[in-house]
Amino acid sequence: MTDQQVLIVGGGHVGLSFALLLAHHGIASTLLEKNRYPTISPTDDRTRSHYLDSRNTALSRRTVQIYQEIGLWDELQSHACRIDSVQISEQGSFGRAQLNKVEEKVESFGQVIENAWLGRKLLLAAQQSPLVTLVDNASVNAVAQQADGVTLSFSNDDAAENEQQLQASVLVACDGRDSTVRQLLNIGTTTYDYQQTAIVGVVETNRRHEHVAIERFSPAGPLAVLPLTDPEGDGNDEYQQGYRRSVVWVCPTGEETKYLEDDAQFLQTLQQAFGQRAGTFVAAGRRGAYPLSRVLADKQVEGRCVIMGNAAHTLHPVAGQGFNLCMRDAHVLAQMMSAQVLKGEDIGNAQLLKRYEKARQTDQKRVIRFCDAVVHGFTHPNPAIKFVRNMALLAFDKLPNIKPLVATYAMGLKS
């Protein structure tokens with residue numbers, strides 16, 4: 001199945017994962033990344049080199065299953081930490097709810113993994129795959145479509161005379177929120193500025209996390225503290241209960257500087273917001289600030305080109321659904337392309353790609369609506385709305401059959 005090539009633009013987590021999904025089905029791809037990939041080997045960096053210095057991603061149960069399908073999860077697991085329960089509450093209010101894996105009869109609600117480790121393992125797997133060709137330091141200059149394929153022009157530096165071309169049956173753009181390919185295809189976007197900034201980093205508490213994720217809503221915005229493995233810990237260890245936690249703190253844009261520069265103030269602010277739910281916050285690592293906006297591509301298919309990942313939909317991180325939604329998109333497209341190849345038909349057929357776009361609409365729209373409802377519903381200052389949302393939290397916690405349904409959607413097991 002190596003004769004029908006796929007071009008992938010964007011070699012981040014989504015692009016690499018999609019290339020590996022295609023390779024799992026025997027489909028060859030060439031992946032272009034604008035940055036230079038680091039030089040790594042399978043024996044490098046086996047432990048966490050920065051105890052309190054990393055970004056992390058919450059992987060849903062479905063995303064874990066996808067990595068299991070392509071044989072990567074055993075490698076990823078060592079730096080991942082299970083979420084066994086989720087506590088949800090609002091600062092200064094009576095509403096609260098809890099999800100527990102025993103009650104919901106699941107192995108876990110997902111895993112929190114270090115981005116650096118995930119990216120390293122995806123890159124190593126792609127480098128070792130005979131069906132994935134990696135081209136880094138590549139800037140895309142033009143995209144042209146023909147009846148039977150796509151031609152992509154790119155250069156490895158700013159010199160126009162070094163421009164090169166690649167041809168394939170289909171092009172998949174995973175090149176981020178400000179996608180170059182999307183712009184070259186004249187695909188517009190619908191953008192909404194939340195006027196919020198996410199402060200992301202790692203903290204240490206004096207109490208073991210016991211695999212508990214804490215979602216907390218404040219007047220400033222939604223907050224989350226997620227469990228992480230210890231620096232020498234192993235995510236395969238059933239009893240691993242470390243002190244490190246990933247934190248996402250959302251504040252109004254313009255206030256982020258004080259949370260980035262002053263560790264003491266950041267820890268104190270977290271303490272005030274979370275109380276003693278996580279214990280005492282005792283240390284904070286380097287933090288990053290990320291302005292939050294919703295960016296949705298007006299369409300995700302144009303001829304033989306597919307827009308995927310953050311290029312298709314950049315979401316608020318409130319429920320940790322963005323990357324997991326991207327992975328479900330990638331999984332479905334890889335399966336549809338595989339079926340097309342097995343039938344001996346054109347992998348870039350426009351009707352096939354339109355069927356993919358339509359097939360993913362329900363899941364995508366549901367996740368987008370859910371994220372926006374949570375953001376706006378839990379930041380609205382009206383006392384009546386605040387009372388209603390706290391009653392809703394109590395109802396969610398007590399009424400039968402609601403938790404299993406919400407949990408199933410949150411884990412990505414029903415889309």
# chains A, B, ... in the order shown; residues from 1 in each chain; ligands from 1
call {"tool": "residues_around", "arguments": {"residues": "A:Ser338", "least_positions_apart": "4", "cutoff": "9 Å", "atoms": "only C-alpha atoms", "output": "MDAnalysis selection string"}}
result
chainID A and resid 22 25:27 333:334 342:343 347
call {"tool": "write_last_selection", "arguments": {"atoms": "all heavy atoms", "output": "PDB file, in the first residue's frame"}}
result
ATOM      1  N   LEU A  22      -1.690   6.275   9.787  1.00  0.00           N
ATOM      2  CA  LEU A  22      -1.640   5.841   8.395  1.00  0.00           C
ATOM      3  C   LEU A  22      -0.665   4.679   8.218  1.00  0.00           C
ATOM      4  O   LEU A  22      -0.967   3.687   7.534  1.00  0.00           O
ATOM      5  CB  LEU A  22      -1.229   7.013   7.496  1.00  0.00           C
ATOM      6  CG  LEU A  22      -2.216   8.162   7.343  1.00  0.00           C
ATOM      7  CD1 LEU A  22      -1.601   9.269   6.491  1.00  0.00           C
ATOM      8  CD2 LEU A  22      -3.528   7.693   6.715  1.00  0.00           C
ATOM      9  N   HIS A  25      -1.915   1.361   9.006  1.00  0.00           N
ATOM     10  CA  HIS A  25      -2.760   0.787   7.950  1.00  0.00           C
ATOM     11  C   HIS A  25      -1.976   0.523   6.662  1.00  0.00           C
ATOM     12  O   HIS A  25      -2.568   0.183   5.637  1.00  0.00           O
ATOM     13  CB  HIS A  25      -3.924   1.731   7.642  1.00  0.00           C
ATOM     14  CG  HIS A  25      -4.940   1.819   8.738  1.00  0.00           C
ATOM     15  ND1 HIS A  25      -5.801   0.791   9.049  1.00  0.00           N
ATOM     16  CD2 HIS A  25      -5.221   2.812   9.610  1.00  0.00           C
ATOM     17  CE1 HIS A  25      -6.587   1.152  10.055  1.00  0.00           C
ATOM     18  NE2 HIS A  25      -6.246   2.370  10.420  1.00  0.00           N
ATOM     19  N   GLY A  26      -0.655   0.699   6.711  1.00  0.00           N
ATOM     20  CA  GLY A  26       0.171   0.432   5.542  1.00  0.00           C
ATOM     21  C   GLY A  26       0.209   1.544   4.530  1.00  0.00           C
ATOM     22  O   GLY A  26       0.566   1.327   3.370  1.00  0.00           O
ATOM     23  N   ILE A  27      -0.162   2.745   4.924  1.00  0.00           N
ATOM     24  CA  ILE A  27      -0.211   3.882   3.998  1.00  0.00           C
ATOM     25  C   ILE A  27       0.987   4.790   4.239  1.00  0.00           C
ATOM     26  O   ILE A  27       1.219   5.235   5.361  1.00  0.00           O
ATOM     27  CB  ILE A  27      -1.521   4.675   4.170  1.00  0.00           C
ATOM     28  CG1 ILE A  27      -2.725   3.765   3.892  1.00  0.00           C
ATOM     29  CG2 ILE A  27      -1.543   5.888   3.251  1.00  0.00           C
ATOM     30  CD1 ILE A  27      -4.058   4.408   4.195  1.00  0.00           C
ATOM     31  N   LEU A 333     -10.304   9.471   9.851  1.00  0.00           N
ATOM     32  CA  LEU A 333      -9.793   9.692   8.500  1.00  0.00           C
ATOM     33  C   LEU A 333      -8.837   8.581   8.082  1.00  0.00           C
ATOM     34  O   LEU A 333      -8.881   8.110   6.937  1.00  0.00           O
ATOM     35  CB  LEU A 333      -9.113  11.048   8.396  1.00  0.00           C
ATOM     36  CG  LEU A 333      -8.613  11.435   6.995  1.00  0.00           C
ATOM     37  CD1 LEU A 333      -9.748  11.401   5.980  1.00  0.00           C
ATOM     38  CD2 LEU A 333      -7.951  12.814   7.010  1.00  0.00           C
ATOM     39  N   ALA A 334      -7.971   8.142   8.981  1.00  0.00           N
ATOM     40  CA  ALA A 334      -7.045   7.048   8.656  1.00  0.00           C
ATOM     41  C   ALA A 334      -7.806   5.772   8.315  1.00  0.00           C
ATOM     42  O   ALA A 334      -7.440   5.049   7.368  1.00  0.00           O
ATOM     43  CB  ALA A 334      -6.093   6.808   9.830  1.00  0.00           C
ATOM     44  N   LEU A 342      -7.796  -0.324   0.274  1.00  0.00           N
ATOM     45  CA  LEU A 342      -8.096  -1.758   0.157  1.00  0.00           C
ATOM     46  C   LEU A 342      -9.032  -2.044  -1.005  1.00  0.00           C
ATOM     47  O   LEU A 342      -8.994  -3.129  -1.599  1.00  0.00           O
ATOM     48  CB  LEU A 342      -8.702  -2.275   1.464  1.00  0.00           C
ATOM     49  CG  LEU A 342      -7.739  -2.366   2.657  1.00  0.00           C
ATOM     50  CD1 LEU A 342      -8.488  -2.700   3.940  1.00  0.00           C
ATOM     51  CD2 LEU A 342      -6.661  -3.418   2.394  1.00  0.00           C
ATOM     52  N   LYS A 343      -9.867  -1.074  -1.340  1.00  0.00           N
ATOM     53  CA  LYS A 343     -10.768  -1.242  -2.480  1.00  0.00           C
ATOM     54  C   LYS A 343     -10.082  -0.879  -3.796  1.00  0.00           C
ATOM     55  O   LYS A 343     -10.683  -1.007  -4.872  1.00  0.00           O
ATOM     56  CB  LYS A 343     -12.018  -0.364  -2.300  1.00  0.00           C
ATOM     57  CG  LYS A 343     -12.930  -0.826  -1.176  1.00  0.00           C
ATOM     58  CD  LYS A 343     -14.223  -0.027  -1.133  1.00  0.00           C
ATOM     59  CE  LYS A 343     -13.992   1.419  -0.775  1.00  0.00           C
ATOM     60  NZ  LYS A 343     -15.274   2.166  -0.621  1.00  0.00           N
ATOM     61  N   ILE A 347      -7.357   7.541  -2.883  1.00  0.00           N
ATOM     62  CA  ILE A 347      -7.344   7.920  -1.473  1.00  0.00           C
ATOM     63  C   ILE A 347      -7.677   9.389  -1.266  1.00  0.00           C
ATOM     64  O   ILE A 347      -8.075   9.803  -0.169  1.00  0.00           O
ATOM     65  CB  ILE A 347      -5.955   7.595  -0.869  1.00  0.00           C
ATOM     66  CG1 ILE A 347      -6.029   7.499   0.646  1.00  0.00           C
ATOM     67  CG2 ILE A 347      -4.919   8.620  -1.294  1.00  0.00           C
ATOM     68  CD1 ILE A 347      -4.758   6.997   1.268  1.00  0.00           C
TER      69      ILE A 347
END
call {"tool": "select_by_dssp", "arguments": {"residues": "stretch 211-391 of chain A", "states": "strand (DSSP E or B)", "output": "number ranges by chain"}}
result
A: 212-218, 221-227, 244-252, 281-284, 288-297, 301-302, 305-307, 313-314
call {"tool": "select_by_dssp", "arguments": {"residues": "stretch 195-394 of chain A", "states": "helix (DSSP H, G or I)", "output": "VMD selection string"}}
result
chain A and resid 256 to 261 263 to 274 309 to 311 317 to 319 322 to 342 350 to 359 361 to 377 383 to 394
call {"tool": "residues_around", "arguments": {"residues": "A:Ser129", "least_positions_apart": "3", "cutoff": "10 Å", "atoms": "only C-alpha atoms", "output": "NGL selection string"}}
result
:A and (19-20 or 23-24 or 28 or 123-126 or 132-133)
call {"tool": "write_last_selection", "arguments": {"atoms": "C-alpha atoms", "output": "JSON list (two decimals), in the first residue's frame"}}
result
[["chain", "number", "residue", "atom", "x", "y", "z"],
["A", 19, "ALA", "CA", 1.27, 9.76, 10.10],
["A", 20, "LEU", "CA", 1.63, 6.82, 12.51],
["A", 23, "ALA", "CA", 1.50, 3.72, 8.73],
["A", 24, "HIS", "CA", -0.45, 1.30, 10.94],
["A", 28, "ALA", "CA", 2.93, 5.92, 3.30],
["A", 123, "LEU", "CA", 8.94, 11.50, 16.74],
["A", 124, "LEU", "CA", 11.03, 8.39, 17.45],
["A", 125, "ALA", "CA", 8.26, 6.14, 16.15],
["A", 126, "ALA", "CA", 7.92, 8.23, 12.99],
["A", 132, "VAL", "CA", 6.89, 7.91, 7.23],
["A", 133, "THR", "CA", 9.24, 10.41, 5.56]]
call {"tool": "residues_around", "arguments": {"residues": "A:Leu171", "least_positions_apart": "2", "cutoff": "10 Å", "atoms": "only C-alpha atoms", "output": "JSON, numbers by chain"}}
result
{"A": [5, 6, 7, 8, 9, 29, 30, 31, 143, 145, 149, 150, 151, 152, 167, 168, 169, 173, 174, 181, 301, 302, 303, 304, 305, 306, 307, 348]}
call {"tool": "residues_around", "arguments": {"residues": "A:Gln111", "least_positions_apart": "4", "cutoff": "10 Å", "atoms": "only C-alpha atoms", "output": "PyMOL selection string"}}
result
chain A and resi 57-61+63-64+77+79-84+211+226-228+235
call {"tool": "closest_residue", "arguments": {"among": "A:Arg277, A:Lys365, A:Arg244, A:Lys354", "to": "A:Ile88", "atoms": "only C-alpha atoms"}}
result
A:Arg277
call {"tool": "closest_residue", "arguments": {"among": "A:His331, A:Lys101, A:His316, A:Lys358", "to": "A:Asp372", "atoms": "only C-alpha atoms"}}
result
A:His316
call {"tool": "closest_residue", "arguments": {"among": "A:Gln146, A:Val248, A:Pro130, A:Tyr290", "to": "A:Ala350", "atoms": "only C-alpha atoms"}}
result
A:Gln146
call {"tool": "residues_around", "arguments": {"residues": "A:Val200", "least_positions_apart": "2", "cutoff": "7 Å", "atoms": "only C-alpha atoms", "output": "ChimeraX atom specification"}}
result
/A:55,198,247-249,287-289
call {"tool": "residues_around", "arguments": {"residues": "A:Leu296", "least_positions_apart": "3", "cutoff": "6 Å", "atoms": "only C-alpha atoms", "output": "number ranges by chain"}}
result
A: 189-190, 312-313
call {"tool": "write_last_selection", "arguments": {"atoms": "N, CA, C and O atoms", "output": "compact mmCIF listing (two decimals), in the first residue's frame"}}
result
# COMPACT_ATOMS: atom_id res chain seq x y z
N THR A 189 -12.02 31.64 8.66
CA THR A 189 -12.25 31.12 10.01
C THR A 189 -13.29 31.97 10.73
O THR A 189 -13.49 33.14 10.41
N THR A 190 -13.92 31.37 11.70
CA THR A 190 -14.79 32.08 12.63
C THR A 190 -14.06 32.10 13.97
O THR A 190 -13.75 31.03 14.52
N ALA A 312 -8.19 23.14 12.21
CA ALA A 312 -9.63 22.97 11.97
C ALA A 312 -10.45 23.53 13.11
O ALA A 312 -11.49 24.16 12.90
N HIS A 313 -10.00 23.27 14.35
CA HIS A 313 -10.75 23.75 15.51
C HIS A 313 -9.82 23.90 16.72
O HIS A 313 -9.30 22.95 17.25
call {"tool": "atom_distance", "arguments": {"atom1": "atom CA of A:Arg177", "atom2": "atom CA of A:Asp193"}}
result
13.1 Å
call {"tool": "closest_residue", "arguments": {"among": "A:Val14, A:Leu166, A:Asp74, A:Gln272", "to": "A:Asn324", "atoms": "only C-alpha atoms"}}
result
A:Val14
call {"tool": "decode", "arguments": {"residues": "stretch 336-349 of chain A", "atoms": "C-alpha atoms", "output": "mmCIF file, in the first residue's frame"}}
result
data_model
loop_
_atom_site.group_PDB
_atom_site.id
_atom_site.type_symbol
_atom_site.label_atom_id
_atom_site.label_comp_id
_atom_site.auth_asym_id
_atom_site.auth_seq_id
_atom_site.Cartn_x
_atom_site.Cartn_y
_atom_site.Cartn_z
ATOM 1 C CA MET A 336 -11.574 5.744 5.824
ATOM 2 C CA MET A 337 -8.393 6.109 3.783
ATOM 3 C CA SER A 338 -7.401 2.542 4.596
ATOM 4 C CA ALA A 339 -10.768 1.217 3.386
ATOM 5 C CA GLN A 340 -10.355 3.242 0.193
ATOM 6 C CA VAL A 341 -6.913 1.801 -0.495
ATOM 7 C CA LEU A 342 -8.096 -1.758 0.157
ATOM 8 C CA LYS A 343 -10.768 -1.242 -2.480
ATOM 9 C CA GLY A 344 -8.098 -0.011 -4.890
ATOM 10 C CA GLU A 345 -9.703 3.414 -5.158
ATOM 11 C CA ASP A 346 -8.387 6.988 -5.005
ATOM 12 C CA ILE A 347 -7.344 7.920 -1.473
ATOM 13 C CA GLY A 348 -7.837 11.623 -2.217
ATOM 14 C CA ASN A 349 -11.289 11.302 -3.752
#
